[in-house]
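Here is work.pdb, consisting of PDB, C-alpha atoms:
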```pdb
ATOM      1  CA  PRO S 433      72.824  84.464 151.966
ATOM      2  CA  SER S 434      72.966  82.345 155.047
ATOM      3  CA  PRO S 435      75.911  80.004 155.603
ATOM      4  CA  MET S 436      73.531  77.069 155.167
ATOM      5  CA  ALA S 437      72.352  78.385 151.766
ATOM      6  CA  GLU S 438      75.960  78.926 150.635
ATOM      7  CA  GLU S 439      76.824  75.373 151.636
ATOM      8  CA  ALA S 440      73.832  74.008 149.738
ATOM      9  CA  ALA S 441      74.727  76.034 146.607
ATOM     10  CA  SER S 442      78.388  75.023 146.495
ATOM     11  CA  PRO S 443      79.155  71.963 144.383
ATOM     12  CA  LEU S 444      80.305  68.770 146.034
ATOM     13  CA  PRO S 445      84.022  68.043 145.808
ATOM     14  CA  GLN S 446      84.745  65.781 142.816
ATOM     15  CA  ASN S 447      85.482  62.746 145.008
ATOM     16  CA  GLU S 448      82.120  63.121 146.817
ATOM     17  CA  ILE S 449      79.945  63.270 143.694
ATOM     18  CA  PRO S 450      78.277  59.900 143.240
ATOM     19  CA  ALA S 451      78.960  58.252 139.873
ATOM     20  CA  ILE S 452      75.942  57.667 137.678
ATOM     21  CA  PRO S 453      76.772  54.400 135.873
ATOM     22  CA  SER S 454      74.512  55.129 132.907
ATOM     23  CA  LEU S 455      76.514  58.298 132.134
ATOM     24  CA  ARG S 456      79.918  56.621 132.072
ATOM     25  CA  PRO S 457      81.512  57.355 128.690
ATOM     26  CA  ASN S 458      82.478  54.368 126.571
ATOM     27  CA  THR S 459      84.466  53.735 123.397
ATOM     28  CA  VAL S 460      81.434  54.411 121.218
ATOM     29  CA  ALA S 461      81.041  57.893 122.747
ATOM     30  CA  PHE S 462      84.738  58.681 122.264
ATOM     31  CA  ASN S 463      84.668  57.306 118.706
ATOM     32  CA  SER S 464      81.709  59.534 117.859
ATOM     33  CA  VAL S 465      83.543  62.667 118.950
ATOM     34  CA  ILE S 466      86.798  61.539 117.313
ATOM     35  CA  HIS S 467      84.899  60.940 114.072
ATOM     36  CA  THR S 468      83.401  64.429 114.285
ATOM     37  CA  TRP S 469      86.841  66.056 114.574
ATOM     38  CA  ALA S 470      88.412  63.725 112.006
ATOM     39  CA  SER S 471      85.772  64.585 109.413
ATOM     40  CA  SER S 472      85.415  68.263 110.340
ATOM     41  CA  GLY S 473      87.399  69.531 107.360
ATOM     42  CA  ARG S 474      89.618  71.510 109.729
ATOM     43  CA  GLY S 475      92.865  69.889 108.613
ATOM     44  CA  ARG S 476      95.603  69.884 111.244
ATOM     45  CA  GLU S 477      93.306  71.310 113.949
ATOM     46  CA  GLY S 478      90.810  68.467 113.468
ATOM     47  CA  ALA S 479      93.571  65.836 113.350
ATOM     48  CA  LEU S 480      95.217  67.211 116.509
ATOM     49  CA  ARG S 481      91.907  67.232 118.426
ATOM     50  CA  ALA S 482      91.119  63.688 117.245
ATOM     51  CA  GLU S 483      94.565  62.523 118.380
ATOM     52  CA  GLU S 484      94.207  64.317 121.734
ATOM     53  CA  LEU S 485      90.938  62.474 122.312
ATOM     54  CA  LEU S 486      92.614  59.177 121.383
ATOM     55  CA  ASN S 487      95.363  59.934 123.909
ATOM     56  CA  GLN S 488      92.737  60.791 126.547
ATOM     57  CA  LEU S 489      90.902  57.528 125.864
ATOM     58  CA  GLU S 490      94.160  55.563 126.118
ATOM     59  CA  ALA S 491      95.020  57.252 129.424
ATOM     60  CA  LEU S 492      91.563  56.609 130.893
ATOM     61  CA  SER S 493      91.672  53.005 129.716
ATOM     62  CA  GLU S 494      95.098  52.388 131.224
ATOM     63  CA  SER S 495      94.375  54.181 134.509
ATOM     64  CA  GLY S 496      91.018  52.523 135.098
ATOM     65  CA  GLU S 497      89.869  55.897 136.403
ATOM     66  CA  LEU S 498      86.352  55.485 135.018
ATOM     67  CA  ASP S 499      86.002  51.776 135.715
ATOM     68  CA  LEU S 500      82.746  50.865 137.392
ATOM     69  CA  PRO S 501      82.501  48.676 140.460
ATOM     70  CA  ALA S 502      81.757  45.027 139.719
ATOM     71  CA  GLY S 503      78.188  44.502 138.570
ATOM     72  CA  HIS S 504      77.475  48.102 137.533
ATOM     73  CA  ALA S 505      78.574  47.618 133.933
ATOM     74  CA  GLN S 506      75.878  44.999 133.359
ATOM     75  CA  GLU S 507      73.216  47.414 134.630
ATOM     76  CA  ILE S 508      73.898  49.861 131.796
ATOM     77  CA  ILE S 509      74.431  47.476 128.882
ATOM     78  CA  ASN S 510      71.560  47.317 126.452
ATOM     79  CA  LYS S 511      72.420  44.532 124.032
ATOM     80  CA  ASP S 512      70.463  46.313 121.252
ATOM     81  CA  ASP S 513      72.860  49.286 121.467
ATOM     82  CA  ILE S 514      76.042  47.300 120.917
ATOM     83  CA  SER S 515      77.894  48.507 117.836
ATOM     84  CA  ASP S 516      79.565  45.777 115.752
ATOM     85  CA  ASP S 517      81.570  43.517 118.057
ATOM     86  CA  MET S 518      81.981  46.279 120.641
ATOM     87  CA  ASP S 519      80.775  45.814 124.191
ATOM     88  CA  SER S 520      79.098  49.142 124.925
ATOM     89  CA  SER S 521      80.495  49.191 128.466
ATOM     90  CA  GLN S 522      84.147  49.126 127.367
ATOM     91  CA  LEU S 523      86.403  52.138 127.627
ATOM     92  CA  LYS S 524      89.408  51.421 125.454
ATOM     93  CA  PRO S 525      90.427  52.303 121.918
ATOM     94  CA  ASN S 526      89.757  49.835 119.128
ATOM     95  CA  VAL S 527      90.838  49.564 115.485
ATOM     96  CA  ARG S 528      88.130  52.020 114.450
ATOM     97  CA  THR S 529      89.381  54.608 116.971
ATOM     98  CA  TYR S 530      92.932  54.508 115.671
ATOM     99  CA  SER S 531      91.836  54.343 112.014
ATOM    100  CA  MET S 532      89.719  57.484 112.324
ATOM    101  CA  VAL S 533      92.661  59.435 113.749
ATOM    102  CA  MET S 534      94.932  58.068 111.021
ATOM    103  CA  ASN S 535      92.396  59.129 108.395
ATOM    104  CA  ALA S 536      92.275  62.638 109.867
ATOM    105  CA  TRP S 537      96.060  62.909 109.469
ATOM    106  CA  ALA S 538      95.982  61.371 105.983
ATOM    107  CA  ASN S 539      93.535  64.076 104.897
ATOM    108  CA  VAL S 540      95.548  67.016 106.249
ATOM    109  CA  SER S 541      97.674  67.280 103.107
ATOM    110  CA  LYS S 542      94.511  67.527 100.975
ATOM    111  CA  LEU S 543      93.462  70.587 102.966
ATOM    112  CA  GLU S 544      96.792  72.240 103.770
ATOM    113  CA  SER S 545      99.516  72.397 101.159
ATOM    114  CA  GLY S 546     103.038  71.725 102.351
ATOM    115  CA  SER S 547     101.988  69.630 105.349
ATOM    116  CA  GLY S 548     101.977  66.188 103.755
ATOM    117  CA  ALA S 549     105.176  64.678 105.167
ATOM    118  CA  ASP S 550     104.442  65.795 108.719
ATOM    119  CA  ALA S 551     100.865  64.511 108.488
ATOM    120  CA  ALA S 552     102.025  61.229 106.952
ATOM    121  CA  SER S 553     104.564  60.816 109.784
ATOM    122  CA  HIS S 554     101.775  61.281 112.356
ATOM    123  CA  CYS S 555      99.705  58.703 110.501
ATOM    124  CA  GLU S 556     102.564  56.196 110.386
ATOM    125  CA  ASN S 557     103.334  56.754 114.088
ATOM    126  CA  ILE S 558      99.759  55.790 114.927
ATOM    127  CA  LEU S 559     100.130  52.655 112.770
ATOM    128  CA  ASN S 560     103.328  51.834 114.705
ATOM    129  CA  LYS S 561     101.432  52.231 117.979
ATOM    130  CA  MET S 562      98.671  49.944 116.692
ATOM    131  CA  GLU S 563     101.232  47.279 115.750
ATOM    132  CA  GLU S 564     102.850  47.450 119.210
ATOM    133  CA  ARG S 565      99.554  47.338 121.088
ATOM    134  CA  GLY S 566      98.076  44.844 118.647
ATOM    135  CA  ALA S 567     100.757  42.322 119.589
ATOM    136  CA  VAL S 568      99.006  41.947 122.968
ATOM    137  CA  ASP S 569      95.459  43.145 122.185
ATOM    138  CA  ALA S 570      93.723  41.903 119.028
ATOM    139  CA  ALA S 571      91.146  44.720 119.339
ATOM    140  CA  VAL S 572      93.764  47.230 118.180
ATOM    141  CA  ARG S 573      95.701  45.074 115.701
ATOM    142  CA  PRO S 574      95.927  47.083 112.466
ATOM    143  CA  ASN S 575      93.717  45.910 109.628
ATOM    144  CA  LEU S 576      93.939  46.450 105.880
ATOM    145  CA  VAL S 577      92.262  49.868 106.192
ATOM    146  CA  ALA S 578      94.909  51.065 108.670
ATOM    147  CA  TYR S 579      97.790  50.012 106.428
ATOM    148  CA  VAL S 580      96.214  51.493 103.291
ATOM    149  CA  THR S 581      95.486  54.741 105.147
ATOM    150  CA  ALA S 582      99.163  55.083 106.102
ATOM    151  CA  ILE S 583     100.244  54.269 102.537
ATOM    152  CA  THR S 584      97.755  56.836 101.194
ATOM    153  CA  ALA S 585      99.079  59.481 103.593
ATOM    154  CA  TRP S 586     102.576  59.003 102.175
ATOM    155  CA  ALA S 587     101.242  59.002  98.612
ATOM    156  CA  ARG S 588      99.637  62.392  99.280
ATOM    157  CA  ALA S 589     102.898  63.624 100.798
ATOM    158  CA  ALA S 590     104.837  62.901  97.612
ATOM    159  CA  THR S 591     104.461  66.440  96.301
ATOM    160  CA  ALA S 592     105.158  68.028  99.679
ATOM    161  CA  HIS S 593     108.331  66.185 100.699
ATOM    162  CA  GLY S 594     109.788  64.747  97.536
ATOM    163  CA  VAL S 595     108.632  61.719  95.663
ATOM    164  CA  ASP S 596     111.537  59.453  96.636
ATOM    165  CA  HIS S 597     111.125  59.788 100.413
ATOM    166  CA  ALA S 598     107.332  59.464 100.342
ATOM    167  CA  ALA S 599     107.399  56.511  97.929
ATOM    168  CA  SER S 600     110.036  54.808 100.073
ATOM    169  CA  ARG S 601     107.932  55.216 103.241
ATOM    170  CA  ALA S 602     104.793  53.938 101.461
ATOM    171  CA  GLU S 603     106.691  50.922 100.114
ATOM    172  CA  HIS S 604     108.126  50.230 103.577
ATOM    173  CA  ILE S 605     104.598  50.066 105.012
ATOM    174  CA  LEU S 606     103.483  47.773 102.193
ATOM    175  CA  ASN S 607     106.435  45.464 102.915
ATOM    176  CA  ARG S 608     105.549  45.418 106.632
ATOM    177  CA  MET S 609     102.035  44.350 105.695
ATOM    178  CA  ILE S 610     103.382  41.599 103.403
ATOM    179  CA  ASP S 611     105.818  40.410 106.106
ATOM    180  CA  LEU S 612     103.008  40.312 108.655
ATOM    181  CA  TYR S 613     100.914  38.208 106.312
ATOM    182  CA  TYR S 614     103.698  35.694 105.697
ATOM    183  CA  THR S 615     104.804  35.639 109.357
ATOM    184  CA  THR S 616     101.359  35.128 110.858
ATOM    185  CA  GLY S 617      99.389  33.732 107.926
ATOM    186  CA  GLU S 618      96.610  36.185 108.780
ATOM    187  CA  ASP S 619      94.922  38.587 106.454
ATOM    188  CA  CYS S 620      94.912  42.237 107.544
ATOM    189  CA  ASP S 621      91.160  42.579 107.487
TER     190      ASP S 621
END
```
As structure tokens - that is how I would like this structure written.
Amino acid sequence: PSPMAEEAASPLPQNEIPAIPSLRPNTVAFNSVIHTWASSGRGREGALRAEELLNQLEALSESGELDLPAGHAQEIINKDDISDDMDSSQLKPNVRTYSMVMNAWANVSKLESGSGADAASHCENILNKMEERGAVDAAVRPNLVAYVTAITAWARAATAHGVDHAASRAEHILNRMIDLYYTTGEDCD
């Protein structure tokens, strides 16, 4: 082929490809894929992939790498496509994102015997992250579902890691939820 044909066939370098605002991924797109992995029935593999996607979403959100120039976000928002209270142009995790990953970990022990304590620890670590981030961003503040999911993960771990340890962890999470209620006066819902 001629040098001109080769040049035309080679892809543009990443930084020269124009962004197409309507194809910018958002939280809803990430949540859909996270939900697919979390409910895949693949145990640890599904939970790991869901958590990797959560980590990718967090990194993209914090870096602003996929942020659109001012004005472009409004061009792609269709108010009929907004899910719940979620602005369809946003790219950051929300309570649903974290809860789906927690649920994936909580279900690992149902699918893989002997993995309950490790899975419950992953689940509780995500709850801890939600509490930290939720102190500055109400969109990720853990709700009742998040707390109950972490408690359930430890309840399922009781046979895998000893009843005393698992029950103690579950009770600790319950006490955190009670303390939060009395400290803030807010329900976790």
Item to check | Shell of 8 Å around range 556-572 of chain S, only C-alpha atoms, local chain residues under 6 positions omitted, as number ranges by chain | outcome: S: 525-527, 530, 534, 578-579, 582
For the selection just defined, write its residues with C-alpha atoms to a file, as a PDB file, keeping the file's coordinate frame.
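Saved result, selection-v7.pdb, follows:
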```
ATOM      1  CA  PRO S 525      90.427  52.303 121.918  1.00  0.00           C
ATOM      2  CA  ASN S 526      89.757  49.835 119.128  1.00  0.00           C
ATOM      3  CA  VAL S 527      90.838  49.564 115.485  1.00  0.00           C
ATOM      4  CA  TYR S 530      92.932  54.508 115.671  1.00  0.00           C
ATOM      5  CA  MET S 534      94.932  58.068 111.021  1.00  0.00           C
ATOM      6  CA  ALA S 578      94.909  51.065 108.670  1.00  0.00           C
ATOM      7  CA  TYR S 579      97.790  50.012 106.428  1.00  0.00           C
ATOM      8  CA  ALA S 582      99.163  55.083 106.102  1.00  0.00           C
TER       9      ALA S 582
END
```
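What separates CA of Glu494 in chain S from CA of Ser454 in chain S is a distance of 20.8 Å.
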Next on the checklist: Here is a test: counting all atoms listed in the file, which residue of S:Arg528, S:Gln522, S:Glu497, S:Glu484 is nearest to Asn463 in chain S?
Outcome noted: S:Arg528
Item to check | Long-range neighbours of Ala479 in chain S as a VMD selection string, 8 Å cut-off, only C-alpha atoms, 6 positions minimum in chain | outcome: chain S and resid 469 to 470 533 536 to 537 540
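Here the question is which of S:Arg588, S:Arg601, S:Lys542, S:Arg573 gets nearest to Arg474 in chain S using all atoms listed in the file, and that residue is S:Lys542.
For the pair CA of Leu606 in chain S and CA of Met532 in chain S, the interatomic distance is 19.7 Å.
Among the candidates S:Thr615, S:Asn487, S:Glu544, S:Ala549, the one nearest to Ala598 in chain S when counting only C-alpha atoms is S:Ala549.
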Checklist entry - Pick the closest to Ile605 in chain S from S:Asn539, S:Glu483, S:Ser553, S:Ala590: which is it, counting only C-alpha atoms? => result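 The shortest atom-to-atom distance to Ile605 in chain S comes from S:Ser553.
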Next on the checklist: What does the structure give for the distance between CA of Asp611 in chain S and CA of Ile583 in chain S, in Å to one decimal?
Outcome noted: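 According to the coordinates, CA of Asp611 in chain S and CA of Ile583 in chain S are separated by 15.4 Å.
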Checklist entry - Looking at S:Leu486, S:Val580, S:Ala589, S:Val465, which one is nearest to Ala551 in chain S, with distances taken over all atoms listed in the file? => result S:Ala589
Padding of 3 Å on every side, edges along x, y and z, all listed atoms of range 559-564 of chain S included: what centre and edge lengths in Å, to one decimal, does that box have, as JSON?
```
{"center_x": 101.0, "center_y": 50.0, "center_z": 116.0, "size_x": 10.7, "size_y": 11.4, "size_z": 12.4}
```
